[in-house]
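Novice: The structure is given below, and queries will be raised subsequently.
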Amino acid sequence: MNAILKNDILNRVMTQSDKNLGDIDYTSMPDEHGHFGIYGGIFASETLMQALDELRDAYEKISTDADFQAQFDADLAQYVGRPSPLYFAERLTEKVGGAQIFLKREDLNHTGAHKINNTIGQGLLAKMMGKKRIIAETGAGQHGVASATVAARFGMECVVYMGAEDIVRQAPNVYRMKLLGAKVVAVESGSKTLKDALNEAMRDWVTNVDDTFYIIGTVAGPHPYPAMVRDFQAIIGREAKQQMQTQCGCLPDALVACIGGGSNAIGLFHPFLEDRSVAMYGVEGGGLGVDSGKHAAPLCAGSPGVLHGNRTYLMEDKNGQIIETHSVSAGLDYPGVGPEHAWLKDIGRVNYDAATDDEALAAFHTLTRVEGIIPALESSHAVAYGMKLAATMEPEQRIIVNLSGRGDKDINTIAKIEGIEL
Amino acid sequence: MSRLASCFAALKQRSRKALIPYVMASDPTPEITLPLMHAMVEAGADIIELGAPFSDPMADGPVIQLAAERSLQHDTSLSDVFALVETFRQTDDSTPIIVMGYLNPIEVMGYQRFAERAAASGVDGVITVDMPPVEAGEYVPALKSQGLDPIFLLAPTSTTERIKKLADVASGFVYYVSLKGVTGAASLDVSSVEEKVVEIRQHIELPIGVGFGISDAGSAAKVASCSDAVVVGSAIVKKMTLNDGKTEPERTIIIKEISDILSLMRLALDSL
């Protein structure tokens, strides 16, 4: 990166770090144009600006609208099945021999992952705005399934864009989406993964902007998406905080969550940001190892840039081209990350690290055998890191690992890696 | 006066509409772009839009997406684009050149350094698709400090408020996106273009160029009748797939096809 720009960014970061972290008002982020420090913003083409303004206005309206919030809460309770349990993984804790490990069971939500929290919120918003058609991008297929589910429930047309490579990796989810009535469009451009699906969904949106609502599945994209998706997912952290209080009478000592775009992580972290005693760990897809270059860990090994409407950490080359990522988990295979995570990294509030493909696969088996819970490959990264972290902590300490999704969708991938024919 | 401003002033004096072809640098090969640029001027182009490739061209349809992929096979960078313009300027000091692309390559180079290098090479204006005025607080001054025109897009969905805001920062000309969609779409509605151009003129004094969805001499003429310039991209970039462009004879075929399209458009614009 250009030295001047880099210095400029570092200067601004330094100014933030100089402040006592306790003085930062986390609830004030983002600013009115969607900035988290130097990150976030609205880097979108003029063809989308009106739609984004309209969305921002609608979102601001429902943020304080009691009727909307009541409807959202009712749907989360009766349709999604919330609250999701906070489960003390006793046998896993014993095996690791350190801090007590609790699992926030987002895998038990309707459709099997945290993604539904957000699609219910955006689906209700789409309905309120009078939109008849929903589009979505998907990587692992969980967000696509959650979007197709909401579209079916609200009687809306649904088109899901999915990288051609991911369609092969996540065949069961593709069929689920089709059963739910969605049209799944294979994206053949670029690296044929999540980022290209997002590009294609944006192109659909500018073309059909009048009647279409674009449900972005993570805390990325132009403002207001990062803030809006975070707010819909923050139910995870609010529940976890209350559950820990009820079950143990205290706050957890640490939180661990996997990070692709970062929506399950921000959902867990955000309600705890002001609790200084709670350490937080975001776990990126380390692929074959961060040193190998074949990974999906922009916060660990990327640099700031602009993609998909916001400034954030990216996997990019010296010319500013986005480079291909690698992760065994389709849901983590994304070269960017939500801008709020970029900001939280720079100010030092959250620690970002990575778990490799092998570590995630080992954790997948451990959790399955020891607790009888089959985790999604994405969540397996958090489980792997959580086990490592717990081993370094004391038995009276407690960590919450966000089990963001269940692993049924991944059994074909696992079998293939292990040379088993189903 | 900037090269763009004097170009539009001269065109106005001659009651001539500007024809602005868009080609991606190094598409399909690095060797074709320089002779192609000169040939396009010969065929009647007044201004050239030179695409700088980006791996994730969100606002572009399949034709320009593939052009970017072909260009990136040669690792085309902003430095390559500047080198190309510098060479072009050795024999053509009057035709304005606009670099069009996405923000991230510029972000990585740094706004000021980008502006200095662009201006030094002979670039006149810059269109950055994903840089709206609201984020352009440091970008516009960097460009203007080097005498570069920041060109911004307006769309059918642009509100009066945003048209007015754009008037404060834009120079050179205003690029009106003629339809709701991506580049190369086929749903051009000339009467709605005319309506919007009239509205834009109430707030902005700059010349107005119209692009997206202009596929032939007929549509170019219709759009030109209500604007100052027409931008044609996908319709000529399609010709890059006629062959690999690896040999001189192959490149000659592509250049001739594109020149023919532009000559017809020139003729149509001049008969208005």
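Here, A, B, ... name the chains of the structure tokens in the order displayed, residue numbers run from 1 inside each chain, and ligands are numbered from 1 in the same displayed order.
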Give the residues of chain B that lie within 8 Å of chain A; count only C-alpha atoms, and format the answer as a PyMOL selection string.
Specialist: chain B and resi 54-61+65+69+77-78+103-111+113+129-132+134-135+153-159+177+180-182
Novice: Excluding same-chain residues fewer than 6 positions from Ala118 in chain B, what lies within 9 Å of it counting only C-alpha atoms, as a list in words?
Specialist: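 Counting only the stated atoms, we get Leu78, Ser79, Val81, Phe82, Val85, Val99, Asp124, Gly125, Val126, Gln146 and Leu148 of chain B.
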Novice: Tell me which protein, DNA and RNA residues are within 8 Å of Val197 in chain B, counting only C-alpha atoms, leaving out same-chain ones fewer than 6 positions away, and put them as a list in words.
Specialist: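 Residues near the query, excluding close chain neighbours: Tyr176, Ile208, Cys226 and Ser227 of chain B.
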Novice: At a cut-off of 10 Å, using only C-alpha atoms, what residues contact Ala126 in chain A? Leave out same-chain residues fewer than 5 positions from it and give the result as a PDB file with N, CA, C and O atoms, in the first residue's frame.
Specialist:
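Contents of the output file out.pdb:
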ATOM      1  N   LEU A  55     -33.576   2.224   1.948  1.00  0.00           N
ATOM      2  CA  LEU A  55     -33.391   1.163   2.931  1.00  0.00           C
ATOM      3  C   LEU A  55     -32.977   1.745   4.280  1.00  0.00           C
ATOM      4  O   LEU A  55     -33.473   1.345   5.331  1.00  0.00           O
ATOM      5  N   ALA A  58     -35.937   3.336   5.977  1.00  0.00           N
ATOM      6  CA  ALA A  58     -36.853   2.309   6.491  1.00  0.00           C
ATOM      7  C   ALA A  58     -36.253   1.649   7.727  1.00  0.00           C
ATOM      8  O   ALA A  58     -36.944   1.397   8.723  1.00  0.00           O
ATOM      9  N   THR A 119     -32.500 -12.912   8.431  1.00  0.00           N
ATOM     10  CA  THR A 119     -33.444 -12.948   7.296  1.00  0.00           C
ATOM     11  C   THR A 119     -34.875 -12.690   7.770  1.00  0.00           C
ATOM     12  O   THR A 119     -35.667 -12.119   7.027  1.00  0.00           O
ATOM     13  N   ILE A 120     -35.176 -13.087   9.001  1.00  0.00           N
ATOM     14  CA  ILE A 120     -36.500 -12.737   9.541  1.00  0.00           C
ATOM     15  C   ILE A 120     -36.616 -11.214   9.637  1.00  0.00           C
ATOM     16  O   ILE A 120     -37.603 -10.616   9.202  1.00  0.00           O
ATOM     17  N   GLY A 121     -35.569 -10.584  10.167  1.00  0.00           N
ATOM     18  CA  GLY A 121     -35.577  -9.122  10.307  1.00  0.00           C
ATOM     19  C   GLY A 121     -35.708  -8.425   8.961  1.00  0.00           C
ATOM     20  O   GLY A 121     -36.580  -7.572   8.766  1.00  0.00           O
ATOM     21  N   LYS A 131     -41.993  -4.637  -0.870  1.00  0.00           N
ATOM     22  CA  LYS A 131     -41.221  -5.327  -1.918  1.00  0.00           C
ATOM     23  C   LYS A 131     -41.788  -6.731  -2.140  1.00  0.00           C
ATOM     24  O   LYS A 131     -42.181  -7.405  -1.194  1.00  0.00           O
ATOM     25  N   LYS A 132     -41.801  -7.138  -3.416  1.00  0.00           N
ATOM     26  CA  LYS A 132     -42.423  -8.417  -3.743  1.00  0.00           C
ATOM     27  C   LYS A 132     -41.400  -9.509  -4.020  1.00  0.00           C
ATOM     28  O   LYS A 132     -41.729 -10.681  -4.156  1.00  0.00           O
ATOM     29  N   ARG A 133     -40.166  -9.091  -4.161  1.00  0.00           N
ATOM     30  CA  ARG A 133     -39.150 -10.024  -4.621  1.00  0.00           C
ATOM     31  C   ARG A 133     -37.914  -9.891  -3.736  1.00  0.00           C
ATOM     32  O   ARG A 133     -37.475  -8.787  -3.449  1.00  0.00           O
ATOM     33  N   ILE A 134     -37.385 -11.054  -3.345  1.00  0.00           N
ATOM     34  CA  ILE A 134     -36.197 -11.069  -2.494  1.00  0.00           C
ATOM     35  C   ILE A 134     -35.043 -11.692  -3.275  1.00  0.00           C
ATOM     36  O   ILE A 134     -35.218 -12.690  -3.968  1.00  0.00           O
ATOM     37  N   ALA A 151     -38.843 -16.095   2.403  1.00  0.00           N
ATOM     38  CA  ALA A 151     -39.621 -15.773   1.209  1.00  0.00           C
ATOM     39  C   ALA A 151     -40.849 -16.679   1.120  1.00  0.00           C
ATOM     40  O   ALA A 151     -41.953 -16.228   0.794  1.00  0.00           O
ATOM     41  N   PHE A 154     -43.396 -15.532   3.697  1.00  0.00           N
ATOM     42  CA  PHE A 154     -44.067 -14.265   3.393  1.00  0.00           C
ATOM     43  C   PHE A 154     -44.699 -14.252   1.998  1.00  0.00           C
ATOM     44  O   PHE A 154     -45.245 -13.239   1.568  1.00  0.00           O
ATOM     45  N   MET A 156     -43.156 -14.442  -1.002  1.00  0.00           N
ATOM     46  CA  MET A 156     -42.418 -13.592  -1.944  1.00  0.00           C
ATOM     47  C   MET A 156     -41.601 -14.463  -2.896  1.00  0.00           C
ATOM     48  O   MET A 156     -41.205 -15.570  -2.560  1.00  0.00           O
ATOM     49  N   ASP A 211     -38.805  -3.229  -7.318  1.00  0.00           N
ATOM     50  CA  ASP A 211     -39.639  -4.173  -6.564  1.00  0.00           C
ATOM     51  C   ASP A 211     -38.829  -5.175  -5.741  1.00  0.00           C
ATOM     52  O   ASP A 211     -39.389  -6.065  -5.123  1.00  0.00           O
ATOM     53  N   THR A 212     -37.493  -5.018  -5.753  1.00  0.00           N
ATOM     54  CA  THR A 212     -36.654  -6.057  -5.157  1.00  0.00           C
ATOM     55  C   THR A 212     -35.981  -5.602  -3.861  1.00  0.00           C
ATOM     56  O   THR A 212     -35.508  -4.476  -3.767  1.00  0.00           O
ATOM     57  N   PHE A 213     -35.953  -6.506  -2.900  1.00  0.00           N
ATOM     58  CA  PHE A 213     -35.225  -6.266  -1.652  1.00  0.00           C
ATOM     59  C   PHE A 213     -34.036  -7.214  -1.621  1.00  0.00           C
ATOM     60  O   PHE A 213     -34.205  -8.421  -1.776  1.00  0.00           O
ATOM     61  N   TYR A 214     -32.844  -6.660  -1.431  1.00  0.00           N
ATOM     62  CA  TYR A 214     -31.642  -7.478  -1.377  1.00  0.00           C
ATOM     63  C   TYR A 214     -31.308  -7.790   0.084  1.00  0.00           C
ATOM     64  O   TYR A 214     -30.972  -6.897   0.851  1.00  0.00           O
ATOM     65  N   ILE A 215     -31.448  -9.055   0.461  1.00  0.00           N
ATOM     66  CA  ILE A 215     -31.103  -9.471   1.826  1.00  0.00           C
ATOM     67  C   ILE A 215     -29.642  -9.896   1.853  1.00  0.00           C
ATOM     68  O   ILE A 215     -29.298 -10.996   1.426  1.00  0.00           O
TER      69      ILE A 215
END
Novice: Applying 6 Å and only C-alpha atoms, which residues near Leu19 in chain B remain after dropping the ones on its own chain fewer than 4 positions away? List them as a JSON list (two decimals) with all heavy atoms, in the first residue's frame.
Specialist:
[["chain", "number", "residue", "atom", "x", "y", "z"],
["B", 45, "ALA", "N", -13.90, 9.29, -32.79],
["B", 45, "ALA", "CA", -14.04, 9.45, -31.34],
["B", 45, "ALA", "C", -13.48, 10.80, -30.92],
["B", 45, "ALA", "O", -12.45, 11.23, -31.42],
["B", 45, "ALA", "CB", -13.28, 8.34, -30.63],
["B", 46, "ASP", "N", -14.20, 11.48, -30.00],
["B", 46, "ASP", "CA", -13.73, 12.78, -29.51],
["B", 46, "ASP", "C", -12.97, 12.65, -28.21],
["B", 46, "ASP", "O", -12.11, 13.45, -27.89],
["B", 46, "ASP", "CB", -14.93, 13.71, -29.31],
["B", 46, "ASP", "CG", -15.70, 13.90, -30.59],
["B", 46, "ASP", "OD1", -15.15, 14.55, -31.50],
["B", 46, "ASP", "OD2", -16.83, 13.37, -30.69],
["B", 229, "ALA", "N", -23.07, 14.11, -25.24],
["B", 229, "ALA", "CA", -22.11, 13.07, -25.59],
["B", 229, "ALA", "C", -22.73, 11.70, -25.41],
["B", 229, "ALA", "O", -23.59, 11.51, -24.55],
["B", 229, "ALA", "CB", -20.87, 13.19, -24.69],
["B", 230, "VAL", "N", -22.28, 10.74, -26.21],
["B", 230, "VAL", "CA", -22.72, 9.36, -26.01],
["B", 230, "VAL", "C", -21.49, 8.49, -25.71],
["B", 230, "VAL", "O", -20.44, 8.64, -26.33],
["B", 230, "VAL", "CB", -23.48, 8.77, -27.23],
["B", 230, "VAL", "CG1", -24.80, 9.46, -27.41],
["B", 230, "VAL", "CG2", -22.65, 8.85, -28.49]]
Novice: Using only C-alpha atoms, which protein or nucleic acid residues come within 9 Å of range 248-255 of chain B? Drop anything in the same chain fewer than 2 positions from it, and give the result as JSON, numbers by chain.
Specialist: {"B": [29, 31, 32, 35, 36, 39, 40, 239, 240, 241, 242, 243, 244, 245, 246, 257, 258, 259, 260]}
Novice: Can you list, as a PyMOL selection string, every protein, DNA or RNA residue that comes within 10 Å of Thr325 in chain A when you count only C-alpha atoms, leaving out same-chain residues fewer than 3 positions away?
Specialist: chain A and resi 191+193+195+285-287+293-298+315-316+322+332-336
Novice: Let me see the file: selected residues, N, CA, C and O atoms, as a CSV table (one decimal), in the first residue's frame.
Specialist:
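Done, and the output landed in selection.csv:
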chain,number,residue,atom,x,y,z
A,191,SER,N,-14.0,-16.1,-9.2
A,191,SER,CA,-13.6,-17.3,-8.5
A,191,SER,C,-14.7,-18.2,-8.2
A,191,SER,O,-14.6,-19.3,-7.6
A,193,THR,N,-17.2,-18.1,-6.2
A,193,THR,CA,-17.6,-18.3,-4.8
A,193,THR,C,-18.4,-17.1,-4.3
A,193,THR,O,-18.9,-16.4,-5.1
A,195,LYS,N,-17.9,-14.2,-3.0
A,195,LYS,CA,-17.7,-12.8,-3.4
A,195,LYS,C,-18.4,-12.5,-4.8
A,195,LYS,O,-18.9,-11.4,-5.0
A,285,GLY,N,-10.9,-18.2,8.8
A,285,GLY,CA,-10.6,-19.4,8.1
A,285,GLY,C,-9.1,-19.5,7.7
A,285,GLY,O,-8.7,-18.8,6.8
A,286,GLY,N,-8.4,-20.2,8.5
A,286,GLY,CA,-6.9,-20.3,8.2
A,286,GLY,C,-6.5,-21.1,7.1
A,286,GLY,O,-5.3,-21.2,6.7
A,287,GLY,N,-7.4,-21.8,6.4
A,287,GLY,CA,-7.1,-22.6,5.3
A,287,GLY,C,-5.9,-23.6,5.5
A,287,GLY,O,-5.9,-24.3,6.5
A,293,GLY,N,-0.5,-18.5,2.5
A,293,GLY,CA,-1.1,-17.7,1.5
A,293,GLY,C,-2.5,-18.2,1.1
A,293,GLY,O,-3.3,-17.5,0.5
A,294,LYS,N,-2.7,-19.5,1.4
A,294,LYS,CA,-4.0,-20.1,1.0
A,294,LYS,C,-4.9,-20.2,2.2
A,294,LYS,O,-5.0,-21.2,2.9
A,295,HIS,N,-5.6,-19.1,2.4
A,295,HIS,CA,-6.5,-18.9,3.5
A,295,HIS,C,-7.6,-17.9,3.3
A,295,HIS,O,-7.7,-17.4,2.1
A,296,ALA,N,-8.4,-17.7,4.3
A,296,ALA,CA,-9.5,-16.7,4.1
A,296,ALA,C,-9.5,-15.8,5.4
A,296,ALA,O,-10.5,-15.7,6.1
A,297,ALA,N,-8.3,-15.2,5.7
A,297,ALA,CA,-8.1,-14.5,6.9
A,297,ALA,C,-7.7,-13.1,6.7
A,297,ALA,O,-6.5,-12.7,7.0
A,298,PRO,N,-8.5,-12.2,6.1
A,298,PRO,CA,-8.1,-10.8,5.8
A,298,PRO,C,-7.7,-10.0,7.1
A,298,PRO,O,-6.9,-9.2,7.0
A,315,MET,N,-8.4,-9.4,1.3
A,315,MET,CA,-7.3,-10.2,0.7
A,315,MET,C,-7.1,-9.6,-0.7
A,315,MET,O,-8.0,-9.7,-1.5
A,316,GLU,N,-6.0,-8.9,-0.9
A,316,GLU,CA,-5.8,-8.2,-2.1
A,316,GLU,C,-4.3,-8.3,-2.5
A,316,GLU,O,-3.4,-8.5,-1.7
A,322,ILE,N,-8.6,-8.2,-5.9
A,322,ILE,CA,-9.0,-9.1,-4.9
A,322,ILE,C,-8.5,-10.5,-5.2
A,322,ILE,O,-8.6,-10.9,-6.3
A,332,LEU,N,-16.8,-19.4,5.1
A,332,LEU,CA,-15.7,-18.5,5.5
A,332,LEU,C,-14.9,-18.0,4.3
A,332,LEU,O,-14.0,-17.2,4.5
A,333,ASP,N,-15.2,-18.6,3.2
A,333,ASP,CA,-14.4,-18.3,2.0
A,333,ASP,C,-14.8,-17.0,1.4
A,333,ASP,O,-15.4,-16.9,0.3
A,334,TYR,N,-14.4,-15.9,2.0
A,334,TYR,CA,-14.7,-14.6,1.6
A,334,TYR,C,-13.5,-13.7,1.8
A,334,TYR,O,-12.9,-13.7,2.9
A,335,PRO,N,-13.1,-12.8,0.8
A,335,PRO,CA,-11.9,-12.1,0.9
A,335,PRO,C,-12.0,-10.8,1.8
A,335,PRO,O,-11.0,-10.1,2.1
A,336,GLY,N,-13.2,-10.5,2.2
A,336,GLY,CA,-13.4,-9.3,3.0
A,336,GLY,C,-14.0,-9.7,4.4
A,336,GLY,O,-14.0,-10.9,4.7
Novice: Looking only at helix (DSSP H, G or I) from DSSP on the backbone, list the matching residues of range 209-243 of chain B as number ranges by chain.
Specialist: B: 217-224, 234-241
Novice: Could you check how far CA of Val232 in chain B sits from CA of Pro21 in chain B, in Å to one decimal?
Specialist: 4.9 Å
Novice: Could you pull out the strand (DSSP E or B) residues of range 236-292 of chain A, going by DSSP on the backbone, and write them as an MDAnalysis selection string?
Specialist: chainID A and resid 254:259 279:285
Novice: What does the distance between CA of Thr312 in chain A and CA of Pro339 in chain A come to in Å, to one decimal place?
Specialist: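 So the answer is 5.0 Å.
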Novice: Using Å and a single decimal, report how far CA of Ser263 in chain A sits from CA of Trp343 in chain A.
Specialist: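 We find that CA of Trp343 in chain A and CA of Ser263 in chain A lie 14.6 Å from each other.
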